[in-house]
Amino acid sequence: MAIKRALITGVTGQDGSYLAEFLLEKGYEVIGMVRRSSTLNFGRIEHIQDKITIVSGDLMDQVSLIDIIEKHRPAEVYNLAAQSFVMTSWNQPVFTGEVTALGVTRVLDAIRLVDPGIRFYQASSSEMFGKVRETPQKETTPFYPRSPYGVAKVYGHWITVNYRESYDLYATSGICFNHESPRRGHEFLPRKVAIGVARIKRGLQKELRLGNMDARRDWGYAPDYVRGMWMMLQQDEPDDYVLSTGETHSVEELVDLAFRAVDLDYHDFVVQDPRFMRPAEVDLLVGDAAKAKEKMGWEPETTFKELVRLMVAAELDVIDGTL
C-alpha cells in the first residue's frame, strides 16, 4: 500500500505539531509548510523535525502554494495556518483578513488548479459564533462574529463550503471550540494562567493580571481535536463538524482550578486589569459535537480538570528544568 502524504500549513503551531505527530504515527509522510522569516520557531516540532519535510510557503503568496502542491502531491491538506490571536486581530485587521480569510481561498484554488482530488481540511473556529444565536452551538447555528478574527474565519469557512459545492472538492471545515495544551502560545489565556500560577508557586512573580473573569468557554485538549481533524478527512463524503466538549467553564473556574493544583487561593494573587478586556466580548461559547460523535465516533477523552492540571504541571516542569 502506498504511503499517504499530507501537507500541514502552520505546522509549527500547537495544532500543527500535534497533528504532525499523529499522522507520523499513522504512517504518513508529512510535509510541513512554514513562512520564510528571520526568526523561525521550531520548538514545538523539534523532536520530530528530522521525520518531516519542511517547505517554505505563505498563505499570502499563491504561487508558493501551487509550487508546494505540484512538487509534493499530498493526498490531504490541513490548513491550520492563520493569524489566530483574537486580540491581535483588532490591531491588525487587514493582515488578519489577508491570511485568515483570503489565505484559505489561495489554498483551495491551488488545490483546484493542481489536483482537485486532494482532501482539504479548513480550521474553522467557535469564534465565528460570537454573539451566539443559540446555545449550545452546532453546525447549523448562524454566525455572528465579534472580532476581525471571527469575521475572517467566517469567510474561510464559507469559501470552503463554496469550493466544495462549486468544484466538487473534498473540502471540510472543522468548527473547533477552544482547545489548549502546554504547546499553546503564551498569549492565550489558559497558557498565560498556567505559566502565571507556576511562576507564583515558585516565587518568580507575585500577581497574575487578567481581564474578564466571567467569560465562559468550552475548553478541550488539543490532541483530542487533531484526531478529529484527521477523522473528518477519512469520511466517505466531505462535511462540516463541530468539535467541542459540550461543557462550559468560566475564566474564574479555570483560574481557581489552576491555583488549587498548587495549593494556592487565586484571590490572593489575581488582579483584574482593564487592558485585557476585549472591545467586544464573546460571553458564552459551548459546542454541540453530537454530529461528530454520531457520524465519526469522535469524542474528547481529556476532562477540563485534567487539562488544567497537566498544563500547570508542564509549566512547573519547565521552571524546574525537567523539560
# chains A, B, ... in the order shown; residues from 1 in each chain; ligands from 1
$ select_by_dssp --residues "region 21-158 of chain A" --states "helix (DSSP H, G or I)" --output "JSON, numbers by chain"
{"A": [21, 22, 23, 24, 25, 43, 44, 45, 46, 47, 48, 49, 50, 51, 62, 63, 64, 65, 66, 67, 68, 69, 70, 71, 72, 86, 87, 88, 89, 90, 91, 93, 94, 95, 96, 97, 98, 99, 100, 101, 102, 103, 104, 105, 106, 107, 108, 109, 110, 111, 112, 113, 114, 126, 127, 128, 148, 149, 150, 151, 152, 153, 154, 155, 156, 157, 158]}
$ residues_around --residues "Gly103 (chain A)" --least-positions-apart "5" --cutoff "7 Å" --atoms "only C-alpha atoms" --output "MDAnalysis selection string"
chainID A and resid 59:60 98
$ write_last_selection --atoms "C-alpha atoms" --output "mmCIF file, in the first residue's frame"
data_model
loop_
_atom_site.group_PDB
_atom_site.id
_atom_site.type_symbol
_atom_site.label_atom_id
_atom_site.label_comp_id
_atom_site.auth_asym_id
_atom_site.auth_seq_id
_atom_site.Cartn_x
_atom_site.Cartn_y
_atom_site.Cartn_z
ATOM 1 C CA LEU A 59 -0.822 31.925 2.592
ATOM 2 C CA MET A 60 -0.389 35.407 1.083
ATOM 3 C CA GLU A 98 -5.384 38.596 4.187
#
$ closest_residue --among "A:Pro74, A:Gly196, A:Pro148, A:Gly185" --to "Arg44 (chain A)" --atoms "only C-alpha atoms"
A:Gly185
$ residues_around --residues "Glu247 (chain A)" --least-positions-apart "4" --cutoff "12 Å" --atoms "only C-alpha atoms" --output "ChimeraX atom specification"
/A:135-137,177-178,216-220,243,284-289,300,303-305
$ select_by_dssp --residues "region 115-188 of chain A" --states "strand (DSSP E or B)" --output "compact mmCIF listing (two decimals) with N, CA, C and O atoms, in the first residue's frame"
# COMPACT_ATOMS: atom_id res chain seq x y z
N ARG A 119 -7.87 15.94 -0.58
CA ARG A 119 -8.83 16.18 0.50
C ARG A 119 -8.32 17.35 1.36
O ARG A 119 -7.16 17.32 1.80
N PHE A 120 -9.20 18.32 1.62
CA PHE A 120 -8.81 19.57 2.27
C PHE A 120 -9.54 19.76 3.59
O PHE A 120 -10.76 19.59 3.67
N TYR A 121 -8.78 20.12 4.62
CA TYR A 121 -9.36 20.45 5.93
C TYR A 121 -9.11 21.92 6.23
O TYR A 121 -7.96 22.38 6.19
N GLN A 122 -10.17 22.65 6.57
CA GLN A 122 -10.06 24.04 6.99
C GLN A 122 -10.33 24.15 8.49
O GLN A 122 -11.34 23.65 8.99
N ALA A 123 -9.41 24.80 9.19
CA ALA A 123 -9.57 25.01 10.63
C ALA A 123 -10.50 26.18 10.88
O ALA A 123 -10.08 27.34 10.91
N SER A 124 -11.78 25.89 11.02
CA SER A 124 -12.75 26.92 11.39
C SER A 124 -12.73 27.08 12.91
O SER A 124 -12.03 26.34 13.61
N SER A 125 -13.51 28.03 13.43
CA SER A 125 -13.38 28.38 14.84
C SER A 125 -14.72 28.69 15.48
O SER A 125 -15.62 29.25 14.83
N GLN A 137 -23.98 25.67 20.51
CA GLN A 137 -23.81 25.96 19.10
C GLN A 137 -23.48 24.68 18.33
O GLN A 137 -22.67 23.88 18.77
N TYR A 170 -13.26 17.76 -2.22
CA TYR A 170 -13.45 17.20 -0.89
C TYR A 170 -12.88 18.23 0.09
O TYR A 170 -11.71 18.20 0.46
N ALA A 171 -13.75 19.16 0.48
CA ALA A 171 -13.34 20.27 1.34
C ALA A 171 -14.21 20.26 2.59
O ALA A 171 -15.43 20.34 2.51
N THR A 172 -13.56 20.18 3.74
CA THR A 172 -14.24 20.03 5.02
C THR A 172 -13.80 21.12 5.99
O THR A 172 -12.64 21.51 6.00
N SER A 173 -14.74 21.61 6.79
CA SER A 173 -14.41 22.56 7.85
C SER A 173 -14.65 21.93 9.21
O SER A 173 -15.72 21.37 9.45
N GLY A 174 -13.66 22.05 10.09
CA GLY A 174 -13.84 21.63 11.48
C GLY A 174 -14.03 22.87 12.33
O GLY A 174 -13.13 23.70 12.43
N ILE A 175 -15.22 23.02 12.89
CA ILE A 175 -15.52 24.19 13.74
C ILE A 175 -15.07 23.83 15.16
O ILE A 175 -15.83 23.25 15.94
N CYS A 176 -13.83 24.16 15.45
CA CYS A 176 -13.22 23.73 16.71
C CYS A 176 -13.45 24.77 17.80
O CYS A 176 -13.15 25.95 17.61
N HIS A 179 -9.26 24.79 22.24
CA HIS A 179 -8.51 23.61 22.64
C HIS A 179 -7.09 24.03 23.00
O HIS A 179 -6.44 24.78 22.29
N GLU A 180 -6.66 23.54 24.13
CA GLU A 180 -5.45 24.03 24.78
C GLU A 180 -4.46 22.89 25.01
O GLU A 180 -4.80 21.72 24.87
$ closest_residue --among "A:Leu310, A:Val104, A:Val11, A:Met128" --to "Val161 (chain A)" --atoms "only C-alpha atoms"
A:Val104
$ closest_atom_pairs --of "region 201-288 of chain A" --to "region 79-84 of chain A" --cutoff "12 Å" --atoms "only C-alpha atoms" --output "tab-separated table"
residue	atom	partner	partner_atom	distance
A:Val226	CA	A:Leu80	CA	10.4
A:Met229	CA	A:Leu80	CA	10.4
A:Trp230	CA	A:Asn79	CA	12.0
$ write_last_selection --atoms "C-alpha atoms" --output "PDB file, in the first residue's frame"
ATOM      1  CA  VAL A 226      -6.341  16.908  15.863  1.00  0.00           C
ATOM      2  CA  MET A 229      -9.452  16.686  12.094  1.00  0.00           C
ATOM      3  CA  TRP A 230      -7.932  13.526  10.645  1.00  0.00           C
TER       4      TRP A 230
END
$ atom_distance --atom1 "CA of His47 (chain A)" --atom2 "CA of Val197 (chain A)"
26.7 Å
$ closest_residue --among "A:Ala314, A:Leu254, A:Val193, A:Val34" --to "Ala215 (chain A)" --atoms "only C-alpha atoms"
A:Leu254
